[in-house]
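Chemist: Below you'll find my_file-v4.tsv; it's TSV, C-alpha atoms.
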```
chain	number	residue	atom	x	y	z
A	138	MET	CA	134.33	118.83	89.86
A	139	THR	CA	132.74	117.93	86.54
A	140	VAL	CA	134.35	115.03	84.74
A	141	GLY	CA	133.70	113.28	81.47
A	142	GLU	CA	133.18	116.46	79.43
A	143	THR	CA	136.57	117.00	77.75
A	144	ARG	CA	137.76	115.01	74.75
A	145	PRO	CA	140.41	112.98	76.68
A	146	GLU	CA	137.87	112.13	79.36
A	147	ARG	CA	135.29	111.00	76.82
A	148	ALA	CA	137.99	108.94	75.11
A	149	ARG	CA	138.61	107.20	78.41
A	150	ASP	CA	134.86	106.60	78.75
A	151	LEU	CA	134.87	104.99	75.31
A	152	VAL	CA	137.75	102.69	76.26
A	153	SER	CA	136.05	101.69	79.52
A	154	THR	CA	132.81	101.01	77.60
A	155	LEU	CA	134.57	98.70	75.14
A	156	TRP	CA	136.40	96.91	77.96
A	157	LEU	CA	133.33	96.40	80.17
A	158	TRP	CA	131.04	95.30	77.33
A	159	SER	CA	133.70	92.88	76.08
A	160	GLY	CA	134.13	91.53	79.61
A	161	PHE	CA	130.39	91.02	80.01
A	162	LEU	CA	130.08	89.18	76.69
A	163	VAL	CA	133.07	86.97	77.53
A	164	LEU	CA	131.51	86.20	80.91
A	165	MET	CA	128.25	85.14	79.28
A	166	LEU	CA	130.03	83.05	76.63
A	167	VAL	CA	132.09	81.23	79.26
A	168	LEU	CA	129.00	80.51	81.35
A	169	TRP	CA	127.07	79.21	78.34
A	170	PHE	CA	130.07	77.12	77.27
A	171	LEU	CA	130.31	75.57	80.74
A	172	THR	CA	126.56	75.08	81.13
A	173	PRO	CA	126.39	71.39	80.00
A	174	VAL	CA	129.11	70.43	82.48
A	175	LEU	CA	127.61	72.56	85.24
A	176	ILE	CA	124.18	70.96	84.75
A	177	VAL	CA	125.65	67.48	85.24
A	178	VAL	CA	127.61	68.50	88.33
A	179	ASP	CA	124.66	70.46	89.74
A	180	LYS	CA	122.44	67.38	89.61
A	181	MET	CA	124.93	65.63	91.89
A	182	SER	CA	125.07	68.51	94.40
A	183	LYS	CA	123.03	68.71	97.58
A	184	ASP	CA	120.94	71.71	96.54
A	185	ARG	CA	119.84	72.64	93.05
A	186	GLY	CA	121.55	75.76	91.75
A	187	ASN	CA	124.57	75.68	94.08
A	188	VAL	CA	127.05	74.85	91.33
A	189	PHE	CA	125.79	77.66	89.09
A	190	GLN	CA	125.88	80.06	92.02
A	191	VAL	CA	129.55	79.28	92.67
A	192	ALA	CA	130.37	79.57	88.96
A	193	PHE	CA	128.68	82.98	88.76
A	194	ARG	CA	130.46	84.13	91.92
A	195	TYR	CA	133.99	83.32	90.83
A	196	LEU	CA	133.60	84.38	87.21
A	197	CYS	CA	131.99	87.72	88.15
A	198	ARG	CA	134.65	88.40	90.75
A	199	LEU	CA	137.43	87.48	88.33
A	200	SER	CA	135.90	89.83	85.75
A	201	TRP	CA	135.97	92.73	88.20
A	202	ILE	CA	139.46	91.95	89.49
A	203	SER	CA	140.85	91.95	85.95
A	204	CYS	CA	139.07	95.20	85.01
A	205	PRO	CA	141.34	98.29	85.08
A	206	PHE	CA	138.29	100.58	85.17
A	207	ALA	CA	136.82	99.28	88.44
A	208	ASP	CA	137.23	100.24	92.07
A	209	ILE	CA	134.64	98.25	94.00
A	210	ARG	CA	134.73	98.17	97.79
A	211	VAL	CA	132.58	96.07	100.10
A	212	LEU	CA	132.11	97.33	103.67
A	213	GLY	CA	130.73	95.43	106.64
A	214	PHE	CA	130.98	91.96	105.10
A	215	GLU	CA	131.43	88.98	107.43
A	216	ARG	CA	131.04	85.40	106.25
A	217	ALA	CA	129.97	84.23	109.70
A	218	ALA	CA	127.05	86.66	109.66
A	219	PHE	CA	125.32	84.56	106.97
A	220	ARG	CA	125.50	81.21	108.72
A	221	ARG	CA	121.92	82.01	109.63
A	222	PRO	CA	119.84	82.72	106.49
A	223	ALA	CA	118.35	86.15	105.97
A	224	LEU	CA	116.49	88.30	103.47
A	225	VAL	CA	118.97	90.81	102.02
A	226	VAL	CA	117.18	93.90	100.69
A	227	SER	CA	119.12	96.19	98.36
A	228	ASN	CA	118.62	99.39	96.41
A	229	HIS	CA	119.11	99.29	92.63
A	230	GLN	CA	120.86	101.99	90.57
A	231	SER	CA	122.18	100.22	87.48
A	232	PHE	CA	122.46	96.89	85.69
A	233	LEU	CA	126.03	96.83	87.02
A	234	ASP	CA	124.57	96.15	90.49
A	235	VAL	CA	123.69	92.64	89.36
A	236	LEU	CA	127.23	91.74	88.31
A	237	ILE	CA	128.67	93.21	91.51
A	238	LEU	CA	126.28	91.50	93.93
A	239	LEU	CA	126.58	88.13	92.18
A	240	ALA	CA	130.32	88.27	93.00
A	241	LEU	CA	129.73	88.38	96.77
A	242	PRO	CA	130.47	85.08	98.59
A	243	ILE	CA	127.02	84.73	100.13
A	244	HIS	CA	124.97	81.54	99.83
A	245	TRP	CA	121.78	83.11	98.47
A	246	ARG	CA	119.12	83.05	95.80
A	247	TRP	CA	117.87	86.11	93.98
A	248	VAL	CA	114.27	87.31	93.63
A	249	VAL	CA	114.64	89.03	90.26
A	250	LYS	CA	112.24	90.92	88.04
A	251	GLN	CA	112.15	89.81	84.42
A	252	THR	CA	113.39	92.44	81.94
A	253	ARG	CA	114.26	92.38	78.26
A	254	ARG	CA	117.98	92.71	78.91
A	255	ARG	CA	118.06	89.87	81.41
A	256	THR	CA	115.74	87.75	79.25
A	257	ARG	CA	118.12	87.70	76.30
A	258	LEU	CA	121.35	86.67	78.00
A	259	MET	CA	120.97	85.93	81.68
A	260	LEU	CA	117.44	84.68	82.35
A	261	PRO	CA	118.03	81.01	81.42
A	262	LEU	CA	121.22	80.99	83.51
A	263	LEU	CA	119.43	82.58	86.46
A	264	ARG	CA	116.79	79.85	86.29
A	265	LEU	CA	119.58	77.27	86.49
A	266	ARG	CA	120.85	79.14	89.55
A	267	ASP	CA	117.44	78.44	91.14
A	268	ASP	CA	116.64	82.15	91.34
A	269	ARG	CA	113.02	83.26	91.52
A	270	ILE	CA	111.98	85.09	88.33
A	271	VAL	CA	108.93	87.35	88.66
A	272	SER	CA	107.26	89.17	85.79
A	273	ARG	CA	103.79	89.92	87.17
A	274	VAL	CA	101.83	89.97	90.42
A	275	ASP	CA	100.76	86.33	90.06
A	276	ASP	CA	104.41	85.25	90.28
A	277	MET	CA	104.58	86.66	93.82
A	278	LEU	CA	101.75	84.49	95.14
A	279	GLY	CA	103.92	81.44	95.76
A	280	LEU	CA	106.88	83.45	96.99
A	281	ASP	CA	106.30	82.62	100.66
A	282	ARG	CA	106.36	78.87	100.07
A	283	TRP	CA	109.39	79.14	97.77
A	284	THR	CA	111.17	81.28	100.38
A	285	GLU	CA	110.35	78.90	103.21
A	286	GLN	CA	111.84	76.00	101.26
A	287	ARG	CA	115.12	77.88	100.70
A	288	ILE	CA	115.35	79.11	104.29
A	289	ARG	CA	114.89	75.54	105.51
A	290	ARG	CA	117.99	74.67	103.45
A	291	ARG	CA	119.84	77.62	105.06
A	292	ILE	CA	119.87	79.66	101.86
A	293	SER	CA	119.52	83.44	102.11
A	294	LEU	CA	117.55	85.58	99.65
A	295	LEU	CA	118.47	88.77	97.79
A	296	ALA	CA	115.83	91.21	96.55
A	297	PHE	CA	115.92	94.68	95.01
A	298	VAL	CA	113.45	96.21	97.42
A	299	GLU	CA	112.52	99.10	95.09
A	300	GLY	CA	111.32	96.64	92.46
A	301	LYS	CA	113.10	98.44	89.62
A	302	ARG	CA	116.11	100.62	88.92
A	303	SER	CA	115.92	104.07	90.44
A	304	SER	CA	116.02	106.97	88.00
A	305	SER	CA	118.44	108.76	90.34
A	306	ARG	CA	120.76	107.98	93.24
A	307	GLU	CA	117.92	108.57	95.70
A	308	LEU	CA	115.84	105.74	97.09
A	309	SER	CA	112.44	105.28	95.49
A	310	ARG	CA	109.34	103.63	96.96
A	311	PHE	CA	109.95	100.29	98.70
A	312	ARG	CA	107.75	97.30	97.93
A	313	ASN	CA	105.70	95.99	100.85
A	314	VAL	CA	105.78	92.33	99.84
A	315	PHE	CA	109.29	91.61	101.12
A	316	PHE	CA	108.62	93.03	104.58
A	317	HIS	CA	105.34	91.14	104.88
A	318	LEU	CA	107.30	88.05	103.87
A	319	ALA	CA	109.86	88.66	106.63
A	320	GLU	CA	107.07	89.24	109.16
A	321	ASP	CA	105.11	86.12	108.20
A	322	LEU	CA	108.17	83.82	108.22
A	323	CYS	CA	109.94	85.59	111.12
A	324	LEU	CA	112.87	86.07	108.75
A	325	ASP	CA	115.92	88.20	109.54
A	326	VAL	CA	116.48	91.21	107.27
A	327	VAL	CA	119.91	92.56	106.25
A	328	PRO	CA	119.81	95.98	104.54
A	329	LEU	CA	122.39	96.43	101.77
A	330	VAL	CA	123.18	99.63	99.91
A	331	ILE	CA	125.18	100.05	96.73
A	332	ASP	CA	126.24	103.44	95.41
A	333	GLY	CA	128.20	104.68	92.40
A	334	THR	CA	126.85	102.46	89.64
A	335	HIS	CA	124.23	105.02	88.59
A	336	ARG	CA	126.99	107.47	87.72
A	337	SER	CA	128.88	104.78	85.80
A	338	TRP	CA	125.98	103.48	83.74
A	339	ALA	CA	122.73	105.39	84.12
A	340	ARG	CA	119.49	104.26	82.53
A	341	GLY	CA	119.58	105.01	78.79
A	342	ALA	CA	123.28	105.93	78.73
A	343	ARG	CA	125.35	104.62	75.82
A	344	LEU	CA	128.76	104.83	77.47
A	345	ILE	CA	129.81	102.86	80.55
A	346	ARG	CA	132.07	105.11	82.56
A	347	PRO	CA	134.66	103.81	85.06
A	348	VAL	CA	133.00	101.97	87.94
A	349	ALA	CA	133.70	103.39	91.39
A	350	ALA	CA	131.17	101.67	93.64
A	351	THR	CA	130.74	100.88	97.31
A	352	VAL	CA	128.61	98.09	98.78
A	353	VAL	CA	127.65	98.39	102.45
A	354	LEU	CA	126.06	95.61	104.50
A	355	LEU	CA	124.22	97.09	107.48
A	356	ASP	CA	123.33	95.48	110.80
A	357	ARG	CA	120.94	92.55	110.73
A	358	ILE	CA	117.38	93.03	111.99
A	359	THR	CA	116.07	89.84	113.54
A	360	GLY	CA	112.82	88.24	112.51
A	361	GLU	CA	111.52	88.67	116.06
A	362	GLU	CA	112.08	92.44	115.82
A	363	ILE	CA	110.35	92.54	112.42
A	364	ARG	CA	107.34	90.66	113.77
A	365	GLU	CA	107.15	92.83	116.89
A	366	MET	CA	107.20	96.17	115.05
A	367	GLY	CA	105.19	95.04	112.01
A	368	ALA	CA	105.98	95.10	108.29
A	369	SER	CA	105.16	98.79	107.72
A	370	ALA	CA	107.33	100.03	110.59
A	371	ALA	CA	110.14	97.70	109.52
A	372	LYS	CA	110.00	99.08	105.99
A	373	ARG	CA	110.27	102.67	107.25
A	374	MET	CA	113.17	101.80	109.54
A	375	VAL	CA	115.10	99.94	106.84
A	376	LYS	CA	114.59	102.75	104.32
A	377	ASP	CA	115.80	105.32	106.86
A	378	ARG	CA	118.93	103.29	107.61
A	379	MET	CA	119.69	102.77	103.93
A	380	ALA	CA	119.19	106.45	103.11
A	381	ARG	CA	121.66	107.51	105.79
A	382	ALA	CA	124.15	104.85	104.71
A	383	LEU	CA	124.00	106.21	101.15
A	384	GLU	CA	124.73	109.70	102.43
A	385	TRP	CA	127.67	108.31	104.40
A	386	VAL	CA	129.38	106.69	101.38
A	387	ARG	CA	128.47	109.21	98.68
A	388	ALA	CA	131.36	111.67	99.09
A	389	ASP	CA	133.96	108.88	99.01
A	390	VAL	CA	132.37	107.27	95.94
A	391	ASP	CA	132.33	110.59	94.06
A	392	SER	CA	135.97	111.25	94.93
A	393	ARG	CA	137.09	107.82	93.71
A	394	PHE	CA	135.08	108.22	90.51
A	395	GLU	CA	136.76	111.54	89.73
A	396	ASP	CA	140.18	109.99	90.44
A	397	PHE	CA	139.77	107.80	87.36
A	398	TYR	CA	140.06	110.93	85.20
A	399	VAL	CA	143.09	112.53	86.87
A	400	ARG	CA	145.40	109.54	87.39
A	401	PRO	CA	147.78	108.14	84.76
A	402	PHE	CA	146.27	105.33	82.74
A	403	HIS	CA	148.66	102.69	84.12
A	404	ALA	CA	147.55	103.53	87.69
A	405	LEU	CA	144.06	102.24	86.93
A	406	LEU	CA	145.42	98.71	87.29
A	407	GLU	CA	145.82	99.29	91.03
A	408	ASP	CA	142.10	99.08	91.79
A	409	SER	CA	139.82	96.09	91.48
A	410	PHE	CA	137.43	94.27	93.80
A	411	HIS	CA	138.01	94.77	97.54
A	412	LEU	CA	135.85	92.31	99.49
A	413	ASN	CA	136.95	93.33	102.99
A	414	ALA	CA	137.44	97.07	102.57
A	415	GLY	CA	136.48	97.94	106.15
A	416	LYS	CA	133.52	98.36	108.45
A	417	GLY	CA	130.33	100.09	107.49
A	418	PRO	CA	128.69	103.02	109.31
A	419	VAL	CA	127.09	102.59	112.73
A	420	ILE	CA	123.56	103.84	112.19
A	421	GLN	CA	121.07	104.26	115.02
A	422	ASP	CA	117.37	104.52	114.43
A	423	SER	CA	115.91	108.01	114.30
A	424	ARG	CA	113.42	107.15	117.01
A	425	LEU	CA	116.35	106.38	119.35
A	426	ASN	CA	117.99	109.69	118.57
A	427	ASP	CA	114.80	111.55	119.39
A	428	THR	CA	114.52	110.11	122.92
```
Could I get this structure in the form of structure tokens?
Modeler:
Amino acid sequence: MTVGETRPERARDLVSTLWLWSGFLVLMLVLWFLTPVLIVVDKMSKDRGNVFQVAFRYLCRLSWISCPFADIRVLGFERAAFRRPALVVSNHQSFLDVLILLALPIHWRWVVKQTRRRTRLMLPLLRLRDDRIVSRVDDMLGLDRWTEQRIRRRISLLAFVEGKRSSSRELSRFRNVFFHLAEDLCLDVVPLVIDGTHRSWARGARLIRPVAATVVLLDRITGEEIREMGASAAKRMVKDRMARALEWVRADVDSRFEDFYVRPFHALLEDSFHLNAGKGPVIQDSRLNDT
């Protein structure tokens, strides 16, 4: 089914664009307005950046909950699973990924690549969150020490493992640095996949279409397993698991996206941000299936 081509469908895309852009600007204005107070409170907290992380989390989640053009579902999430810090590696389809992942209740810091869009509005706030901003290779040199300091404080890390937004829904080349980091520090790795945001707001698109997205947290791989198999093998295994998880969620995401164009407008208010939407897929390694 092809959607978004008729005049009523494009009109709905225009309304969703105005709503989502307005929501993003309001979110940024509120954060900047609260920044002086948050800085004072953050200085009194145990770890730098915690207060800004909580503020981002609740404001982003509230923005999605109040959006009538969003149906975001998180599968496989368990709070207890993150009592032990880990490196969460995610694919990246759209700028919307950032606003969705920041809404998850995980105590983490983000290893983020500097871009023009983030520089203008979000970069100063991300620095206050204690995120790691990288713009060139030299910025990665101290990443191991920075990571070790956060892990010691039981803070997990989030990284877009492809390094940049994919030009399609398929996974692009993974960066080696994060898997070498996990091997050197014996750090657990949690693969995360997000699908649907590319169709809502692709690179270069002017309109933001309704957001039907699914986030899936896959089984944790322990640091001991990473060290035993080596960084290269771990990267191949994680990419294989993530690719199969994307295939598993894709049909459901497409169906929910198309539903936005066939339901009455008032029914859009039924969907929002579903944190515990169910369990994710059980994915075995290909090497196990071959034996």
Chemist: Between CA of Val225 (chain A) and CA of Arg393 (chain A), measure the distance and give it in Å to one decimal.
Modeler: 26.2 Å
Chemist: Within 12 Å of Gly341 (chain A), counting only C-alpha atoms, which residues show up once you throw out same-chain ones fewer than 6 positions away? Write them as a ChimeraX atom specification, please.
Modeler: /A:231-232,302,304,335
Chemist: Which residue is closest to Phe193 (chain A)? Choose from A:His244, A:Arg340, A:Arg149, A:Arg287 and count all atoms listed in the file.
Modeler: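 Nearest to Phe193 (chain A): A:His244.
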Chemist: Skipping near chain neighbours, those fewer than 6 positions away, what residues fall within 9 Å of Val390 (chain A) using only C-alpha atoms, listed as a list of chain:residue names?
Modeler: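 Result of the neighbour search: A:Asp332, A:Gly333, A:Ala349, A:Ala350, A:Thr351.
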Chemist: Kindly indicate which residue among A:Leu412, A:Leu199, A:Val330, A:Ile363 lies nearest to Arg387 (chain A), using all atoms listed in the file for the distances.
Modeler: A:Val330
